[in-house]
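J.: Got a file for you: run28.cif, mmCIF, C-alpha atoms (C1' of nucleotides).
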```
data_start
#
loop_
_atom_site.group_PDB
_atom_site.id
_atom_site.type_symbol
_atom_site.label_atom_id
_atom_site.label_comp_id
_atom_site.auth_asym_id
_atom_site.auth_seq_id
_atom_site.Cartn_x
_atom_site.Cartn_y
_atom_site.Cartn_z
ATOM 1 C CA MET C 1 162.228 85.034 79.487
ATOM 2 C CA GLY C 2 165.433 84.147 77.699
ATOM 3 C CA ALA C 3 168.275 82.581 79.601
ATOM 4 C CA SER C 4 171.693 82.916 78.030
ATOM 5 C CA ARG C 5 174.298 80.181 77.960
ATOM 6 C CA GLU C 6 175.966 81.761 80.947
ATOM 7 C CA GLY C 7 172.822 81.361 83.020
ATOM 8 C CA GLU C 8 172.097 85.083 83.340
ATOM 9 C CA LYS C 9 168.571 86.238 82.797
ATOM 10 C CA TRP C 10 167.857 88.327 79.732
ATOM 11 C CA ILE C 11 164.863 90.580 79.147
ATOM 12 C CA ASP C 12 162.265 89.683 76.519
ATOM 13 C CA TRP C 13 162.633 91.085 73.014
ATOM 14 C CA ARG C 14 161.694 94.748 72.689
ATOM 15 C CA GLU C 15 161.286 96.760 69.531
ATOM 16 C CA VAL C 16 163.929 99.320 68.615
ATOM 17 C CA ARG C 17 161.960 102.451 67.811
ATOM 18 C CA GLY C 18 163.047 104.589 64.894
ATOM 19 C CA PHE C 19 164.247 101.741 62.713
ATOM 20 C CA SER C 20 161.470 100.928 60.298
ATOM 21 C CA ARG C 21 161.700 98.782 57.155
ATOM 22 C CA VAL C 22 164.631 96.725 58.424
ATOM 23 C CA THR C 23 165.343 93.514 56.534
ATOM 24 C CA GLU C 24 167.655 90.656 57.468
ATOM 25 C CA ALA C 25 169.960 91.715 54.651
ATOM 26 C CA THR C 26 170.155 95.273 55.929
ATOM 27 C CA LEU C 27 170.849 94.104 59.465
ATOM 28 C CA ALA C 28 173.681 91.870 58.274
ATOM 29 C CA GLU C 29 175.171 94.775 56.313
ATOM 30 C CA LEU C 30 174.754 97.159 59.213
ATOM 31 C CA LEU C 31 176.416 94.926 61.792
ATOM 32 C CA ASP C 32 178.844 92.901 59.687
ATOM 33 C CA GLY C 33 179.508 95.029 56.632
ATOM 34 C CA GLY C 34 182.827 96.526 57.650
ATOM 35 C CA GLN C 35 181.725 99.254 60.039
ATOM 36 C CA ALA C 36 182.006 97.217 63.235
ATOM 37 C CA PHE C 37 183.977 94.109 64.114
ATOM 38 C CA ARG C 38 182.317 92.820 67.267
ATOM 39 C CA TRP C 39 178.992 91.432 66.021
ATOM 40 C CA ARG C 40 178.516 87.727 65.464
ATOM 41 C CA ARG C 41 175.587 85.553 64.505
ATOM 42 C CA GLN C 42 174.296 82.995 66.950
ATOM 43 C CA GLY C 43 171.607 81.234 64.988
ATOM 44 C CA GLU C 44 169.079 83.878 64.016
ATOM 45 C CA VAL C 45 170.344 86.337 66.590
ATOM 46 C CA TRP C 46 173.150 88.906 66.327
ATOM 47 C CA ARG C 47 175.196 89.512 69.476
ATOM 48 C CA GLY C 48 177.376 92.570 69.721
ATOM 49 C CA VAL C 49 179.657 94.302 72.197
ATOM 50 C CA TRP C 50 180.793 97.914 72.401
ATOM 51 C CA SER C 51 182.188 99.764 75.420
ATOM 52 C CA ALA C 52 180.798 97.741 78.331
ATOM 53 C CA TYR C 53 177.500 96.936 76.567
ATOM 54 C CA VAL C 54 176.374 93.507 75.437
ATOM 55 C CA VAL C 55 173.231 93.489 73.315
ATOM 56 C CA GLU C 56 171.457 91.083 71.009
ATOM 57 C CA LEU C 57 169.490 92.114 67.929
ATOM 58 C CA ASN C 58 167.034 90.252 65.749
ATOM 59 C CA VAL C 59 164.435 90.946 63.091
ATOM 60 C CA ILE C 60 161.079 89.660 64.304
ATOM 61 C CA ASP C 61 157.982 90.200 62.148
ATOM 62 C CA GLN C 62 159.936 92.778 60.125
ATOM 63 C CA ARG C 63 160.708 94.821 63.208
ATOM 64 C CA LEU C 64 164.162 95.327 64.688
ATOM 65 C CA CYS C 65 164.164 93.947 68.232
ATOM 66 C CA TRP C 66 166.761 93.989 70.975
ATOM 67 C CA ARG C 67 167.412 92.349 74.312
ATOM 68 C CA ALA C 68 170.101 92.535 76.981
ATOM 69 C CA PRO C 69 170.923 90.997 80.350
ATOM 70 C CA GLU C 70 168.265 91.934 82.912
ATOM 71 C CA LYS C 71 170.853 93.497 85.187
ATOM 72 C CA THR C 72 171.992 96.079 82.661
ATOM 73 C CA ALA C 73 169.056 96.477 80.282
ATOM 74 C CA GLN C 74 167.924 99.812 81.666
ATOM 75 C CA ARG C 75 171.372 101.266 81.103
ATOM 76 C CA ASP C 76 171.778 99.522 77.755
ATOM 77 C CA GLU C 77 168.666 100.890 76.079
ATOM 78 C CA PRO C 78 169.729 104.541 75.663
ATOM 79 C CA ALA C 79 173.239 103.394 74.748
ATOM 80 C CA LEU C 80 171.787 101.185 72.016
ATOM 81 C CA HIS C 81 169.744 104.030 70.606
ATOM 82 C CA HIS C 82 172.831 106.197 70.490
ATOM 83 C CA TYR C 83 174.851 103.393 68.878
ATOM 84 C CA LEU C 84 172.211 102.848 66.188
ATOM 85 C CA ASP C 85 171.679 106.603 65.853
ATOM 86 C CA THR C 86 167.901 106.295 65.876
ATOM 87 C CA THR C 87 167.186 110.030 66.000
ATOM 88 C CA GLY C 88 166.096 109.980 62.355
ATOM 89 C CA HIS C 89 168.574 112.522 61.044
ATOM 90 C CA GLN C 90 170.266 109.957 58.826
ATOM 91 C CA GLU C 91 166.978 109.449 56.966
ATOM 92 C CA ARG C 92 167.087 113.103 55.996
ATOM 93 C CA PHE C 93 170.669 112.742 54.840
ATOM 94 C CA VAL C 94 169.678 109.741 52.719
ATOM 95 C CA ASP C 95 166.956 111.814 51.091
ATOM 96 C CA GLU C 96 169.490 114.524 50.273
ATOM 97 C CA LEU C 97 171.706 112.048 48.422
ATOM 98 C CA PRO C 98 171.551 112.435 44.616
ATOM 99 C CA TRP C 99 169.425 109.310 44.066
ATOM 100 C CA ARG C 100 167.010 111.222 41.831
ATOM 101 C CA SER C 101 169.712 111.713 39.218
ATOM 102 C CA ASP C 102 171.835 108.631 39.990
ATOM 103 C CA PRO C 103 170.046 105.392 39.047
ATOM 104 C CA HIS C 104 172.729 103.160 40.513
ATOM 105 C CA LEU C 105 172.566 104.866 43.892
ATOM 106 C CA ASP C 106 168.788 104.696 43.707
ATOM 107 C CA GLN C 107 168.791 100.922 43.359
ATOM 108 C CA CYS C 108 171.295 100.595 46.231
ATOM 109 C CA LEU C 109 169.011 102.599 48.518
ATOM 110 C CA GLU C 110 166.055 100.427 47.483
ATOM 111 C CA ALA C 111 167.950 97.189 48.082
ATOM 112 C CA PHE C 112 169.015 97.977 51.645
ATOM 113 C CA PRO C 113 166.284 100.048 53.277
ATOM 114 C CA ALA C 114 167.292 101.534 56.616
ATOM 115 C CA LEU C 115 171.011 100.882 56.204
ATOM 116 C CA ARG C 116 172.736 103.414 58.452
ATOM 117 C CA ILE C 117 176.110 104.474 59.770
ATOM 118 C CA LEU C 118 176.747 103.259 63.312
ATOM 119 C CA ARG C 119 177.834 105.582 66.080
ATOM 120 C CA GLN C 120 180.620 103.606 67.689
ATOM 121 C CA PRO C 121 182.994 104.653 70.478
ATOM 122 C CA PHE C 122 185.777 106.735 68.965
ATOM 123 C CA GLY C 123 188.711 104.948 70.573
ATOM 124 C CA GLU C 124 187.412 101.472 69.761
ATOM 125 C CA THR C 125 186.845 102.477 66.157
ATOM 126 C CA LEU C 126 190.435 103.673 65.913
ATOM 127 C CA LEU C 127 191.637 100.327 67.234
ATOM 128 C CA GLY C 128 189.479 98.389 64.788
ATOM 129 C CA PHE C 129 190.702 100.258 61.750
ATOM 130 C CA LEU C 130 194.338 100.138 62.839
ATOM 131 C CA CYS C 131 193.854 96.377 62.472
ATOM 132 C CA SER C 132 192.261 96.666 59.052
ATOM 133 C CA ALA C 133 195.213 97.210 56.708
ATOM 134 C CA THR C 134 195.169 94.521 53.986
ATOM 135 C CA LYS C 135 192.762 92.448 56.038
ATOM 136 C CA GLN C 136 189.244 91.298 55.363
ATOM 137 C CA ILE C 137 186.418 91.541 57.829
ATOM 138 C CA VAL C 138 186.679 87.975 59.177
ATOM 139 C CA GLN C 139 190.332 88.438 59.962
ATOM 140 C CA ILE C 140 189.875 91.824 61.602
ATOM 141 C CA LYS C 141 187.129 90.325 63.774
ATOM 142 C CA GLN C 142 189.495 87.616 64.873
ATOM 143 C CA MET C 143 192.195 90.086 65.917
ATOM 144 C CA ILE C 144 189.692 92.231 67.783
ATOM 145 C CA ALA C 145 188.223 89.208 69.567
ATOM 146 C CA LEU C 146 191.679 88.178 70.773
ATOM 147 C CA LEU C 147 192.496 91.719 71.938
ATOM 148 C CA ALA C 148 189.289 91.783 73.956
ATOM 149 C CA GLU C 149 189.679 88.314 75.463
ATOM 150 C CA ARG C 150 193.311 88.717 76.419
ATOM 151 C CA HIS C 151 193.605 92.401 77.245
ATOM 152 C CA GLY C 152 190.113 93.681 78.011
ATOM 153 C CA THR C 153 188.157 93.419 81.245
ATOM 154 C CA PRO C 154 185.153 91.080 81.667
ATOM 155 C CA ILE C 155 181.762 92.765 81.409
ATOM 156 C CA GLY C 156 179.348 89.898 82.008
ATOM 157 C CA ALA C 157 177.407 87.620 79.661
ATOM 158 C CA GLY C 158 180.702 85.867 78.946
ATOM 159 C CA GLU C 159 182.077 88.908 77.122
ATOM 160 C CA HIS C 160 185.036 91.247 77.539
ATOM 161 C CA ARG C 161 185.285 94.874 76.609
ATOM 162 C CA LEU C 162 188.107 96.024 74.355
ATOM 163 C CA PRO C 163 191.180 97.358 76.140
ATOM 164 C CA THR C 164 191.248 101.137 76.409
ATOM 165 C CA TRP C 165 194.153 103.014 74.835
ATOM 166 C CA ASP C 166 195.550 103.541 78.292
ATOM 167 C CA GLU C 167 195.442 99.798 78.898
ATOM 168 C CA LEU C 168 196.936 99.142 75.474
ATOM 169 C CA SER C 169 199.864 101.425 76.266
ATOM 170 C CA ARG C 170 200.891 98.903 78.918
ATOM 171 C CA VAL C 171 200.707 95.855 76.627
ATOM 172 C CA SER C 172 203.985 94.796 75.031
ATOM 173 C CA GLU C 173 204.350 94.750 71.276
ATOM 174 C CA LYS C 174 205.086 91.039 71.548
ATOM 175 C CA ALA C 175 201.818 90.337 73.353
ATOM 176 C CA LEU C 176 199.996 92.355 70.696
ATOM 177 C CA ARG C 177 201.725 90.366 67.979
ATOM 178 C CA GLU C 178 200.359 87.224 69.583
ATOM 179 C CA CYS C 179 196.864 88.528 68.888
ATOM 180 C CA LEU C 180 197.538 87.865 65.181
ATOM 181 C CA LEU C 181 198.184 91.528 64.480
ATOM 182 C CA GLY C 182 201.319 91.020 62.394
ATOM 183 C CA PHE C 183 202.974 94.293 61.417
ATOM 184 C CA ARG C 184 199.970 96.166 62.825
ATOM 185 C CA ALA C 185 201.192 95.347 66.343
ATOM 186 C CA ARG C 186 203.844 98.050 66.151
ATOM 187 C CA TYR C 187 201.335 100.634 64.899
ATOM 188 C CA ILE C 188 198.971 99.902 67.770
ATOM 189 C CA HIS C 189 201.741 99.812 70.332
ATOM 190 C CA ASP C 190 203.242 103.120 69.173
ATOM 191 C CA THR C 191 199.865 104.806 68.763
ATOM 192 C CA ALA C 192 198.992 103.766 72.317
ATOM 193 C CA GLN C 193 202.135 105.482 73.617
ATOM 194 C CA VAL C 194 201.250 108.717 71.815
ATOM 195 C CA ILE C 195 197.679 108.720 73.125
ATOM 196 C CA ALA C 196 198.644 107.738 76.669
ATOM 197 C CA GLU C 197 201.210 110.533 76.864
ATOM 198 C CA GLN C 198 198.657 113.232 76.036
ATOM 199 C CA LYS C 199 195.652 113.137 78.289
ATOM 200 C CA GLY C 200 192.404 114.026 76.544
ATOM 201 C CA TRP C 201 193.932 113.664 73.074
ATOM 202 C CA LEU C 202 191.225 111.319 71.795
ATOM 203 C CA GLU C 203 188.325 113.320 73.241
ATOM 204 C CA GLU C 204 189.663 116.577 71.828
ATOM 205 C CA THR C 205 190.260 115.017 68.432
ATOM 206 C CA GLU C 206 186.715 113.687 68.306
ATOM 207 C CA ARG C 207 185.308 117.175 68.899
ATOM 208 C CA LEU C 208 187.445 118.952 66.287
ATOM 209 C CA PRO C 209 186.038 119.993 62.905
ATOM 210 C CA TYR C 210 186.383 117.257 60.285
ATOM 211 C CA ALA C 211 189.533 118.485 58.526
ATOM 212 C CA GLU C 212 191.440 119.165 61.720
ATOM 213 C CA ALA C 213 190.373 115.888 63.306
ATOM 214 C CA LYS C 214 191.513 114.015 60.223
ATOM 215 C CA GLU C 215 194.873 115.756 60.251
ATOM 216 C CA ARG C 216 195.426 114.849 63.886
ATOM 217 C CA LEU C 217 194.461 111.230 63.341
ATOM 218 C CA CYS C 218 196.853 111.014 60.390
ATOM 219 C CA SER C 219 199.706 112.025 62.693
ATOM 220 C CA LEU C 220 199.380 108.680 64.504
ATOM 221 C CA PRO C 221 201.628 105.827 63.378
ATOM 222 C CA GLY C 222 199.683 103.446 61.149
ATOM 223 C CA VAL C 223 196.913 105.944 60.430
ATOM 224 C CA GLY C 224 196.662 107.290 56.896
ATOM 225 C CA GLU C 225 193.805 109.019 55.124
ATOM 226 C CA LYS C 226 191.711 105.900 54.664
ATOM 227 C CA VAL C 227 191.863 104.784 58.290
ATOM 228 C CA ALA C 228 191.301 108.345 59.535
ATOM 229 C CA ASP C 229 188.176 108.664 57.398
ATOM 230 C CA CYS C 230 186.833 105.329 58.637
ATOM 231 C CA VAL C 231 187.349 106.383 62.253
ATOM 232 C CA LEU C 232 185.593 109.708 61.678
ATOM 233 C CA LEU C 233 182.741 108.105 59.752
ATOM 234 C CA PHE C 234 182.036 105.069 61.922
ATOM 235 C CA GLY C 235 183.298 106.403 65.248
ATOM 236 C CA ALA C 236 182.310 110.068 65.203
ATOM 237 C CA GLY C 237 179.264 110.336 62.957
ATOM 238 C CA ARG C 238 181.042 112.480 60.344
ATOM 239 C CA LEU C 239 178.905 111.429 57.402
ATOM 240 C CA GLU C 240 180.940 113.575 55.011
ATOM 241 C CA ALA C 241 184.016 111.355 55.471
ATOM 242 C CA PHE C 242 184.528 109.287 52.315
ATOM 243 C CA PRO C 243 187.187 106.601 52.857
ATOM 244 C CA VAL C 244 188.859 105.546 49.625
ATOM 245 C CA ASP C 245 190.163 101.991 49.576
ATOM 246 C CA THR C 246 190.698 99.444 46.832
ATOM 247 C CA TRP C 247 187.047 98.394 47.004
ATOM 248 C CA ILE C 248 185.666 101.847 46.408
ATOM 249 C CA LEU C 249 188.160 102.327 43.557
ATOM 250 C CA LYS C 250 186.793 99.186 41.904
ATOM 251 C CA THR C 251 183.195 100.151 42.594
ATOM 252 C CA MET C 252 183.594 103.642 41.203
ATOM 253 C CA GLU C 253 185.307 102.281 38.118
ATOM 254 C CA ARG C 254 182.658 99.652 37.558
ATOM 255 C CA ARG C 255 179.526 101.678 38.306
ATOM 256 C CA TYR C 256 180.618 105.224 37.524
ATOM 257 C CA GLY C 257 183.188 104.662 34.781
ATOM 258 C CA LEU C 258 186.077 106.200 36.728
ATOM 259 C CA THR C 259 188.705 104.081 35.002
ATOM 260 C CA ALA C 260 192.258 104.463 36.321
ATOM 261 C CA TRP C 261 191.349 107.302 38.679
ATOM 262 C CA LYS C 262 193.705 107.827 41.577
ATOM 263 C CA PRO C 263 192.499 107.716 45.212
ATOM 264 C CA ALA C 264 192.656 111.498 45.653
ATOM 265 C CA GLN C 265 190.608 112.007 42.481
ATOM 266 C CA VAL C 266 187.987 109.471 43.563
ATOM 267 C CA ALA C 267 187.824 111.151 46.970
ATOM 268 C CA ARG C 268 187.076 114.480 45.321
ATOM 269 C CA PHE C 269 184.510 112.912 42.995
ATOM 270 C CA GLY C 270 182.796 111.347 46.019
ATOM 271 C CA ARG C 271 182.592 114.611 47.913
ATOM 272 C CA VAL C 272 181.268 116.497 44.896
ATOM 273 C CA HIS C 273 178.841 113.870 43.629
ATOM 274 C CA PHE C 274 177.414 112.525 46.901
ATOM 275 C CA GLY C 275 177.715 115.680 48.991
ATOM 276 C CA ALA C 276 177.376 116.061 52.757
ATOM 277 C CA ALA C 277 176.644 112.389 53.422
ATOM 278 C CA ALA C 278 179.163 110.833 51.035
ATOM 279 C CA GLY C 279 180.155 108.244 53.617
ATOM 280 C CA LEU C 280 176.590 107.085 53.970
ATOM 281 C CA ALA C 281 176.336 106.686 50.196
ATOM 282 C CA GLN C 282 179.518 104.652 50.214
ATOM 283 C CA GLN C 283 178.066 102.165 52.682
ATOM 284 C CA TYR C 284 175.140 101.544 50.322
ATOM 285 C CA LEU C 285 177.506 101.060 47.389
ATOM 286 C CA PHE C 286 179.484 98.462 49.331
ATOM 287 C CA ALA C 287 176.349 96.612 50.375
ATOM 288 C CA TRP C 288 175.311 96.425 46.733
ATOM 289 C CA GLU C 289 178.672 95.113 45.553
ATOM 290 C CA ARG C 290 178.756 92.450 48.235
ATOM 291 C CA ARG C 291 175.403 91.164 47.079
ATOM 292 C CA ASN C 292 175.753 91.651 43.328
ATOM 293 C CA GLY C 293 179.401 92.188 42.529
ATOM 294 C CA ALA C 294 180.840 88.870 43.738
ATOM 295 C CA ARG C 295 184.304 88.866 42.188
ATOM 296 C CA MET C 296 185.006 92.489 41.383
ATOM 297 C CA LYS C 297 188.492 92.113 39.899
ATOM 298 C "C1'" DT O 1 191.202 65.307 54.342
ATOM 299 C "C1'" DG O 2 195.231 67.813 54.056
ATOM 300 C "C1'" DA O 3 198.723 70.501 51.924
ATOM 301 C "C1'" DC O 4 199.877 74.566 49.340
ATOM 302 C "C1'" DA O 5 200.077 78.894 47.008
ATOM 303 C "C1'" DG O 6 198.088 83.324 46.419
ATOM 304 C "C1'" DG O 7 196.390 87.410 48.007
ATOM 305 C "C1'" DG O 8 194.467 90.608 51.257
ATOM 306 C "C1'" DG O 9 189.119 97.012 52.592
ATOM 307 C "C1'" DG O 10 196.837 100.218 54.077
ATOM 308 C "C1'" DT O 11 200.858 102.742 55.712
ATOM 309 C "C1'" DG O 12 205.564 104.242 55.713
ATOM 310 C "C1'" DT O 13 209.925 104.803 53.289
ATOM 311 C "C1'" DA D 1 207.374 100.879 43.926
ATOM 312 C "C1'" DC D 2 208.010 97.693 47.760
ATOM 313 C "C1'" DA D 3 208.337 95.842 52.403
ATOM 314 C "C1'" DC D 4 205.702 94.799 56.357
ATOM 315 C "C1'" DC D 5 203.212 89.961 58.782
ATOM 316 C "C1'" DC D 6 200.681 85.920 58.571
ATOM 317 C "C1'" DC D 7 195.876 84.116 58.435
ATOM 318 C "C1'" DC D 8 192.157 82.947 55.340
ATOM 319 C "C1'" DT D 9 190.399 81.056 51.219
ATOM 320 C "C1'" DG D 10 190.131 78.405 47.241
ATOM 321 C "C1'" DT D 11 192.014 74.655 44.911
ATOM 322 C "C1'" DC D 12 194.098 70.521 43.943
#
```
Hey, can you dump this file as structure tokens for me?
T.:
Amino acid sequence: MGASREGEKWIDWREVRGFSRVTEATLAELLDGGQAFRWRRQGEVWRGVWSAYVVELNVIDQRLCWRAPEKTAQRDEPALHHYLDTTGHQERFVDELPWRSDPHLDQCLEAFPALRILRQPFGETLLGFLCSATKQIVQIKQMIALLAERHGTPIGAGEHRLPTWDELSRVSEKALRECLLGFRARYIHDTAQVIAEQKGWLEETERLPYAEAKERLCSLPGVGEKVADCVLLFGAGRLEAFPVDTWILKTMERRYGLTAWKPAQVARFGRVHFGAAAGLAQQYLFAWERRNGARMK
DNA sequence: TGACAGGGGGTGT
DNA sequence: ACACCCCCTGTC
């Protein structure tokens, strides 16, 4: 029986069903590859927080295993399966990707078996990607950690949940700035006012068809097309969303010869070439570049 | 070991 | 095209 640093009892490791062929490299990409910002390594083990859940993951004998505090484990298990989207439908989407005619995509799929898109809470995903402008993953994680510690409520195991948008609406822009947000503090502050003023805004937006949801997200201060697509992809399971940032521009130039294409053109290419799960394809492309691209210039 | 410059997964004007 | 902020990283 594992005891955490905080002295709480944790359950023994259990296998996560529906996640076969997981490697350490895939797990690192899944949890720390730019989808989520609240997973950190503690030795061999990954610890993550979303909503009020605290869970640890590890690859043991080539199987993905999880554990949680004894007190909450029963509640945490279905939440974890939802978060990891273990229903198997993403496997079918992967198979429908054009890997048969696209050798580069084929080698990406081979290199990171079982890489998937997470199903994160919508509001938390919005917060994460409002922090992401011109920031790299380590820095975003730092901002998010400070927001949680200073403005979120404790949830046990020494962790805090992220502040809700309602809670954020009552945090001053100055206090946000002190969480290393820089110019993003104003975006988050103003977005929080908009969301707090309109009850149910987030929930309704999440349920809308892709194009309408994206349009509504883009009406928020600090949210453009890229951030909106990230929120819909990583926070609402819209696998067709294809966020175009400087990395994907470089990748598409390097691997697909799209020299000097503009973001809107690359977005259209992505939708046409990769199809209904373009966002899933993109995650594989990124994983590949991180391992093999080093300096992409 | 410490200082310093350069640049960063975007948005709004 | 450029400002917005300021931390991280690499380098000397």
J.: Selected by the PyMOL selection byres ((chain D) within 10 of (chain C)) in the shown coordinates: which residues, as a list in words?
T.: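 On the file shown, the PyMOL selection byres ((chain D) within 10 of (chain C)) covers DC4, DC5, DC6, DC7 and DC8 of chain D.
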J.: Between C:Asp12, C:Asp32, C:Glu149, C:Asp106, which residue has the minimum interatomic distance to Leu285 of chain C, considering all atoms listed in the file?
T.: C:Asp106
J.: Quick one: everything within 9 Å of Trp50 of chain C, counting all atoms listed in the file, minus sequence neighbours fewer than 4 positions away in the same chain. Send it as a list in words.
T.: Arg38, Val54, Val55, Tyr83, Gln120, Pro121, Glu124, Arg161 and Leu162 of chain C
J.: Care to translate the PyMOL selection byres ((chain C) within 9 of (chain O)) into actual residues of this file, as a compact mmCIF listing (two decimals) with C-alpha atoms, keeping the file's coordinate frame?
T.:
```txt
# COMPACT_ATOMS: atom_id res chain seq x y z
CA GLY C 34 182.83 96.53 57.65
CA SER C 132 192.26 96.67 59.05
CA ALA C 133 195.21 97.21 56.71
CA THR C 134 195.17 94.52 53.99
CA LYS C 135 192.76 92.45 56.04
CA GLN C 136 189.24 91.30 55.36
CA ILE C 137 186.42 91.54 57.83
CA PRO C 221 201.63 105.83 63.38
CA GLY C 222 199.68 103.45 61.15
CA VAL C 223 196.91 105.94 60.43
CA GLY C 224 196.66 107.29 56.90
CA LYS C 226 191.71 105.90 54.66
CA VAL C 227 191.86 104.78 58.29
CA ASP C 245 190.16 101.99 49.58
CA THR C 246 190.70 99.44 46.83
CA TRP C 247 187.05 98.39 47.00
CA ILE C 248 185.67 101.85 46.41
```
J.: Just give me the gap between atom CA of Thr153 of chain C and atom CA of Thr205 of chain C in Å, one decimal is fine.
T.: 25.2 Å
J.: If we count all atoms listed in the file and set the cut-off at 7 Å, which residues sit around Arg21 of chain C, ignoring sequence neighbours fewer than 5 positions away in its own chain? Please answer as JSON, numbers by chain.
T.: {"C": [62, 113, 114]}
J.: Quick one, how far is atom CA of Arg14 of chain C from atom CA of Leu64 of chain C?
T.: 8.4 Å
J.: Run the PyMOL selection byres ((chain C and resi 237) around 12) on the file and write out the hits as a ChimeraX atom specification.
T.: /C:35,82-85,89-90,116-122,125,206-207,209-210,229-236,238-242,276-280
J.: Near segment 265-275 of chain C, within 7 Å and counting only C-alpha atoms (C1' of nucleotides), which residues show up once chain neighbours fewer than 5 positions away are dropped, as JSON, numbers by chain?
T.: {"C": [97, 98, 242, 244, 281]}
J.: If you measure from atom CA of Arg254 of chain C to atom CA of Phe37 of chain C, what distance in Å do you get, rounded to one decimal?
T.: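 Separating atom CA of Arg254 of chain C from atom CA of Phe37 of chain C is a distance of 27.2 Å.
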J.: Around all the atoms of segment 1-8 of chain D listed in the file, with 3 Å of room on each side, what axis-aligned box do you get, giving centre and edge lengths in Å to one decimal, as JSON?
T.:
```
{"center_x": 200.2, "center_y": 91.9, "center_z": 51.4, "size_x": 22.2, "size_y": 23.9, "size_z": 20.9}
```
